[in-house]
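Undergrad: Sharing start_37.pdb (PDB, C-alpha atoms and all ligand atoms) below.
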MODEL        1
ATOM      1  CA  MET F   1     110.447  77.412  38.260
ATOM      2  CA  ASN F   2     111.882  74.655  40.481
ATOM      3  CA  ILE F   3     112.966  75.519  44.011
ATOM      4  CA  VAL F   4     114.892  73.645  46.698
ATOM      5  CA  LEU F   5     114.254  74.593  50.329
ATOM      6  CA  PHE F   6     117.167  73.448  52.425
ATOM      7  CA  GLY F   7     117.679  73.617  56.181
ATOM      8  CA  PRO F   8     117.385  71.664  59.447
ATOM      9  CA  PRO F   9     114.051  70.275  60.675
ATOM     10  CA  GLY F  10     111.996  73.078  62.153
ATOM     11  CA  ALA F  11     113.658  75.792  60.050
ATOM     12  CA  GLY F  12     110.354  76.682  58.438
ATOM     13  CA  LYS F  13     110.822  74.924  55.085
ATOM     14  CA  GLY F  14     107.304  73.514  55.135
ATOM     15  CA  THR F  15     105.736  76.893  55.883
ATOM     16  CA  GLN F  16     107.629  78.615  53.082
ATOM     17  CA  ALA F  17     106.969  75.696  50.722
ATOM     18  CA  LYS F  18     103.214  76.042  51.250
ATOM     19  CA  TYR F  19     103.428  79.757  50.565
ATOM     20  CA  LEU F  20     105.428  79.189  47.363
ATOM     21  CA  VAL F  21     102.989  76.528  46.184
ATOM     22  CA  LYS F  22     100.208  79.115  46.319
ATOM     23  CA  LYS F  23     102.254  81.959  44.892
ATOM     24  CA  LEU F  24     103.768  79.996  41.998
ATOM     25  CA  ASN F  25     100.952  77.514  41.459
ATOM     26  CA  GLY F  26     103.452  74.793  42.294
ATOM     27  CA  TYR F  27     103.668  71.410  44.002
ATOM     28  CA  GLN F  28     105.231  70.820  47.395
ATOM     29  CA  ILE F  29     107.493  67.775  47.275
ATOM     30  CA  SER F  30     108.012  66.985  50.958
ATOM     31  CA  THR F  31     109.853  63.669  51.321
ATOM     32  CA  GLY F  32     108.879  63.688  55.014
ATOM     33  CA  ASP F  33     105.177  63.776  54.025
ATOM     34  CA  ILE F  34     105.704  61.195  51.276
ATOM     35  CA  LEU F  35     107.402  58.841  53.759
ATOM     36  CA  ARG F  36     104.803  59.415  56.498
ATOM     37  CA  ASP F  37     102.143  58.574  53.930
ATOM     38  CA  GLU F  38     103.812  55.211  53.232
ATOM     39  CA  ILE F  39     103.681  54.466  56.973
ATOM     40  CA  LYS F  40     100.050  55.544  57.219
ATOM     41  CA  LYS F  41      99.084  53.304  54.313
ATOM     42  CA  ASP F  42     101.096  50.472  55.881
ATOM     43  CA  THR F  43     102.897  49.687  52.608
ATOM     44  CA  VAL F  44     105.951  47.425  52.306
ATOM     45  CA  ILE F  45     108.146  50.550  52.266
ATOM     46  CA  GLY F  46     106.202  51.971  55.199
ATOM     47  CA  ARG F  47     107.096  48.945  57.315
ATOM     48  CA  GLN F  48     110.751  49.205  56.308
ATOM     49  CA  ILE F  49     111.097  52.846  57.304
ATOM     50  CA  ILE F  50     108.953  53.214  60.418
ATOM     51  CA  ASN F  51     111.789  52.501  62.880
ATOM     52  CA  ASN F  52     114.265  54.876  61.258
ATOM     53  CA  MET F  53     111.659  57.629  61.102
ATOM     54  CA  ASN F  54     110.703  57.234  64.755
ATOM     55  CA  GLU F  55     114.340  57.249  65.834
ATOM     56  CA  GLY F  56     115.063  60.422  63.886
ATOM     57  CA  LYS F  57     117.416  58.623  61.502
ATOM     58  CA  PHE F  58     117.486  59.172  57.775
ATOM     59  CA  VAL F  59     115.659  56.812  55.470
ATOM     60  CA  SER F  60     117.960  55.193  52.881
ATOM     61  CA  ASP F  61     118.801  57.159  49.744
ATOM     62  CA  GLU F  62     117.557  54.280  47.616
ATOM     63  CA  ILE F  63     114.046  54.387  49.076
ATOM     64  CA  VAL F  64     113.763  58.177  49.053
ATOM     65  CA  ASN F  65     115.213  58.557  45.542
ATOM     66  CA  ASN F  66     112.791  55.980  44.230
ATOM     67  CA  LEU F  67     109.738  57.652  45.755
ATOM     68  CA  LEU F  68     110.885  61.023  44.482
ATOM     69  CA  LYS F  69     111.303  59.932  40.859
ATOM     70  CA  ASN F  70     107.551  59.777  40.175
ATOM     71  CA  HIS F  71     107.130  63.397  41.185
ATOM     72  CA  VAL F  72     109.983  64.755  39.055
ATOM     73  CA  PHE F  73     108.683  62.897  36.002
ATOM     74  CA  ASP F  74     105.061  63.884  36.591
ATOM     75  CA  ALA F  75     104.243  66.086  33.564
ATOM     76  CA  LYS F  76     101.812  68.315  35.462
ATOM     77  CA  LYS F  77     104.470  69.133  38.044
ATOM     78  CA  LYS F  78     107.156  70.022  35.506
ATOM     79  CA  GLU F  79     108.878  73.338  36.322
ATOM     80  CA  LYS F  80     106.620  73.641  39.382
ATOM     81  CA  LEU F  81     108.543  71.582  41.909
ATOM     82  CA  ILE F  82     109.022  73.003  45.391
ATOM     83  CA  PHE F  83     111.359  70.580  47.187
ATOM     84  CA  ASP F  84     110.964  70.557  50.949
ATOM     85  CA  GLY F  85     113.339  68.247  52.821
ATOM     86  CA  TYR F  86     115.048  66.828  49.750
ATOM     87  CA  PRO F  87     117.927  66.451  48.983
ATOM     88  CA  ARG F  88     119.419  65.620  52.371
ATOM     89  CA  SER F  89     122.566  63.752  51.278
ATOM     90  CA  LEU F  90     125.131  64.188  48.540
ATOM     91  CA  ASN F  91     123.799  61.050  46.866
ATOM     92  CA  GLN F  92     120.309  62.589  46.801
ATOM     93  CA  ALA F  93     121.615  65.925  45.476
ATOM     94  CA  LYS F  94     123.376  64.184  42.604
ATOM     95  CA  ASN F  95     120.338  61.990  41.958
ATOM     96  CA  LEU F  96     118.161  65.096  41.751
ATOM     97  CA  ASP F  97     120.502  66.646  39.181
ATOM     98  CA  ILE F  98     120.298  63.487  37.074
ATOM     99  CA  LEU F  99     116.487  63.267  37.282
ATOM    100  CA  LEU F 100     116.046  66.944  36.449
ATOM    101  CA  ASN F 101     118.496  66.670  33.574
ATOM    102  CA  LYS F 102     116.642  63.672  32.148
ATOM    103  CA  SER F 103     113.359  65.567  32.287
ATOM    104  CA  ASN F 104     114.850  68.760  30.812
ATOM    105  CA  GLN F 105     114.587  70.733  34.008
ATOM    106  CA  LYS F 106     116.916  72.408  36.453
ATOM    107  CA  ILE F 107     116.931  73.930  39.927
ATOM    108  CA  ASN F 108     116.247  77.643  39.605
ATOM    109  CA  HIS F 109     116.780  78.617  43.238
ATOM    110  CA  ILE F 110     118.154  76.989  46.372
ATOM    111  CA  PHE F 111     117.188  78.615  49.667
ATOM    112  CA  PHE F 112     119.141  77.634  52.752
ATOM    113  CA  LEU F 113     117.135  78.532  55.857
ATOM    114  CA  ASN F 114     119.840  78.609  58.479
ATOM    115  CA  VAL F 115     118.785  78.305  62.137
ATOM    116  CA  ASN F 116     120.577  77.393  65.358
ATOM    117  CA  LYS F 117     119.718  74.496  67.642
ATOM    118  CA  GLU F 118     117.928  76.551  70.312
ATOM    119  CA  THR F 119     115.501  78.109  67.850
ATOM    120  CA  ILE F 120     114.808  74.721  66.278
ATOM    121  CA  ILE F 121     114.011  73.104  69.627
ATOM    122  CA  LYS F 122     111.549  75.856  70.558
ATOM    123  CA  ARG F 123     109.798  75.636  67.181
ATOM    124  CA  ILE F 124     109.495  71.861  67.030
ATOM    125  CA  GLU F 125     108.104  71.717  70.564
ATOM    126  CA  LYS F 126     105.439  74.188  69.528
ATOM    127  CA  ARG F 127     104.635  72.160  66.405
ATOM    128  CA  LYS F 128     104.444  68.977  68.495
ATOM    129  CA  ILE F 129     101.554  70.471  70.434
ATOM    130  CA  LEU F 130      99.817  71.731  67.288
ATOM    131  CA  GLU F 131     100.200  68.713  65.002
ATOM    132  CA  GLU F 132     100.684  65.786  67.397
ATOM    133  CA  ARG F 133     103.458  64.326  65.255
ATOM    134  CA  THR F 134     104.664  61.024  66.755
ATOM    135  CA  ASP F 135     108.334  61.522  65.836
ATOM    136  CA  ASP F 136     108.504  64.848  67.649
ATOM    137  CA  ASN F 137     109.867  64.265  71.135
ATOM    138  CA  LEU F 138     112.857  66.208  72.438
ATOM    139  CA  ASP F 139     115.316  63.339  72.118
ATOM    140  CA  THR F 140     114.269  62.742  68.525
ATOM    141  CA  ILE F 141     114.418  66.449  67.815
ATOM    142  CA  LEU F 142     118.028  66.693  68.924
ATOM    143  CA  LYS F 143     118.992  63.535  67.038
ATOM    144  CA  ARG F 144     117.283  64.815  63.897
ATOM    145  CA  TYR F 145     119.098  68.126  64.160
ATOM    146  CA  ASP F 146     122.517  66.515  64.674
ATOM    147  CA  THR F 147     121.944  63.952  61.926
ATOM    148  CA  TYR F 148     120.862  66.750  59.663
ATOM    149  CA  ILE F 149     123.919  68.914  60.298
ATOM    150  CA  ASP F 150     126.333  65.963  59.905
ATOM    151  CA  THR F 151     124.781  64.434  56.810
ATOM    152  CA  THR F 152     123.887  67.572  54.956
ATOM    153  CA  LYS F 153     127.247  69.340  55.189
ATOM    154  CA  PRO F 154     128.378  67.821  51.875
ATOM    155  CA  VAL F 155     125.081  68.936  50.290
ATOM    156  CA  LEU F 156     125.655  72.444  51.557
ATOM    157  CA  ASN F 157     129.163  72.451  50.074
ATOM    158  CA  TYR F 158     127.806  71.031  46.822
ATOM    159  CA  TYR F 159     125.225  73.812  46.431
ATOM    160  CA  SER F 160     126.807  76.811  48.119
ATOM    161  CA  LYS F 161     129.144  77.547  45.195
ATOM    162  CA  ASN F 162     126.196  77.994  42.823
ATOM    163  CA  SER F 163     125.035  81.488  41.959
ATOM    164  CA  ASN F 164     121.417  80.409  42.592
ATOM    165  CA  PHE F 165     122.206  79.473  46.224
ATOM    166  CA  HIS F 166     120.789  81.917  48.774
ATOM    167  CA  GLU F 167     121.364  81.721  52.522
ATOM    168  CA  ILE F 168     118.581  83.210  54.630
ATOM    169  CA  ASP F 169     118.500  83.719  58.396
ATOM    170  CA  GLY F 170     115.789  81.238  59.387
ATOM    171  CA  ALA F 171     115.455  82.771  62.854
ATOM    172  CA  MET F 172     113.578  85.735  61.329
ATOM    173  CA  GLU F 173     109.789  85.979  61.400
ATOM    174  CA  ILE F 174     107.939  83.884  58.805
ATOM    175  CA  ASP F 175     106.838  86.967  56.832
ATOM    176  CA  GLN F 176     110.342  88.401  56.757
ATOM    177  CA  ILE F 177     111.702  85.135  55.368
ATOM    178  CA  THR F 178     108.981  85.105  52.734
ATOM    179  CA  ARG F 179     109.852  88.689  51.681
ATOM    180  CA  LYS F 180     113.530  87.709  51.383
ATOM    181  CA  ILE F 181     112.645  84.708  49.209
ATOM    182  CA  GLU F 182     110.390  86.862  47.026
ATOM    183  CA  GLY F 183     113.233  89.327  46.591
ATOM    184  CA  PHE F 184     115.375  86.606  45.029
ATOM    185  CA  LEU F 185     112.500  85.309  42.895
ATOM    186  CA  ASN F 186     111.533  88.766  41.606
ATOM    187  CA  VAL F 187     107.833  88.050  42.171
TER     188      VAL F 187
HETATM  189  P1  LIG F 201     110.723  65.986  57.797
HETATM  190  O1  LIG F 201     109.229  65.942  57.794
HETATM  191  O2  LIG F 201     111.285  66.587  56.549
HETATM  192  O3  LIG F 201     111.273  66.614  59.034
HETATM  193  O4  LIG F 201     111.212  64.461  57.798
HETATM  194  C1  LIG F 201     110.866  63.561  58.826
HETATM  195  C2  LIG F 201     111.731  62.319  58.770
HETATM  196  O5  LIG F 201     111.561  61.680  57.497
HETATM  197  C3  LIG F 201     113.222  62.543  58.874
HETATM  198  O6  LIG F 201     113.640  62.616  60.208
HETATM  199  C4  LIG F 201     113.783  61.319  58.168
HETATM  200  O7  LIG F 201     113.688  60.174  59.002
HETATM  201  C5  LIG F 201     112.803  61.132  57.038
HETATM  202  N1  LIG F 201     113.172  61.870  55.802
HETATM  203  C6  LIG F 201     112.505  62.917  55.222
HETATM  204  N2  LIG F 201     113.110  63.322  54.102
HETATM  205  C7  LIG F 201     114.200  62.534  53.942
HETATM  206  C8  LIG F 201     115.234  62.469  52.983
HETATM  207  N3  LIG F 201     115.297  63.333  51.937
HETATM  208  N4  LIG F 201     116.194  61.529  53.152
HETATM  209  C9  LIG F 201     116.157  60.660  54.181
HETATM  210  N5  LIG F 201     115.226  60.669  55.134
HETATM  211  C10 LIG F 201     114.234  61.598  55.027
ENDMDL
END
Show this structure as structure tokens.
TA:
Amino acid sequence: MNIVLFGPPGAGKGTQAKYLVKKLNGYQISTGDILRDEIKKDTVIGRQIINNMNEGKFVSDEIVNNLLKNHVFDAKKKEKLIFDGYPRSLNQAKNLDILLNKSNQKINHIFFLNVNKETIIKRIEKRKILEERTDDNLDTILKRYDTYIDTTKPVLNYYSKNSNFHEIDGAMEIDQITRKIEGFLNV
């Protein structure tokens, strides 16, 4: 089963992704983590993206799509993909469809964790203290939220017509969100 977790930064996608990885024996495909790893390893890509990441701007579709490809075509991850933070643009959503098609897969469920700005700000500030993430200052948080809402609207429109699209109130407690997701998965 392949799952897309969709929603603004701080909506709890990562938390739910980790839970689903355990529950379904799957693989979390977090483009944020993949990109941060490139920066940590100081790769050519890492040097190209560090400024955008720190400013809360999106990394180019070309770079993200390319990094993602390896994961979709990884045989051991087939039908076990838990996407966290991808796709974030219409180009990425269409690219994902093409990659999945080519590898004889599909998206089984799309979960949209919908949360308002105030809740997001509170959560990311908390995470900043816990994880010491360098891109997490208030200015960046707000920019990331606004960028997210603007850029992902077309993705939301693209997916929301599908019968496997489920909107969930991301302001609920973590456990409640998990129960909701499980309800749709029948697990
Ligand atoms: P995240 O950990 O998902 O909050 O992502 C952190 C940052 O990585 C974002 O603010 C973007 O700069 C970048 N990023 C992560 N995923 C994507 C993506 N799918 N497309 C473009 N940029 C991304």
Undergrad: Atom CA of Lys76 of chain F and atom CA of Gly26 of chain F are how many Å apart?
TA: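 Atom CA of Lys76 of chain F sits 9.6 Å away from atom CA of Gly26 of chain F.
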Undergrad: Please enumerate the residues selected by the PyMOL selection byres (((chain F and resi 153-169) around 12) and not hetatm) when evaluated against the supplied file, formatted as a VMD selection string.
TA: chain F and resid 2 to 8 11 to 13 16 86 to 97 106 to 116 119 146 to 152 170 to 174 176 to 185
Undergrad: Please determine an axis-aligned box that encloses all atoms of ligand LIG 201 (chain F) listed in the file, with 6 Å added on each side, and express its centre and edge lengths in Å to one decimal as AutoDock Vina command-line options.
TA:
--center_x 112.7 --center_y 63.4 --center_z 56.1 --size_x 19.0 --size_y 18.4 --size_z 20.3
Undergrad: If the PyMOL selection byres (((not hetatm)) within 9 of (chain F and resi 201)) is run on the structure shown, which residues does it catch, given as a ChimeraX atom specification?
TA: /F:8-10,13-14,30-36,49-61,63-65,68,84-89,92,135,140-141,143-145,147-148
Undergrad: Can you work out the spacing between atom CA of Val187 of chain F and atom CA of Ile82 of chain F in Å, to one decimal?
TA: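 Separating atom CA of Val187 of chain F from atom CA of Ile82 of chain F is a distance of 15.4 Å.
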Undergrad: If you measure from atom CA of Leu67 of chain F to atom CA of Leu20 of chain F, what distance in Å do you get, rounded to one decimal?
TA: 22.0 Å
Undergrad: With only C-alpha atoms as the atoms that count, which of F:Ile45, F:Ile124, F:Lys40, F:Asn104 lies nearest to Asn66 of chain F?
TA: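 Ranked by minimum distance to Asn66 of chain F, first place goes to F:Ile45.
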Undergrad: Which is closer to Lys78 of chain F than all the others in F:Leu99, F:Leu142, F:Ile129, F:Ile39, using only C-alpha atoms?
TA: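 Of F:Leu99, F:Leu142, F:Ile129, F:Ile39, the one nearest Lys78 of chain F, counting only C-alpha atoms, is F:Leu99.
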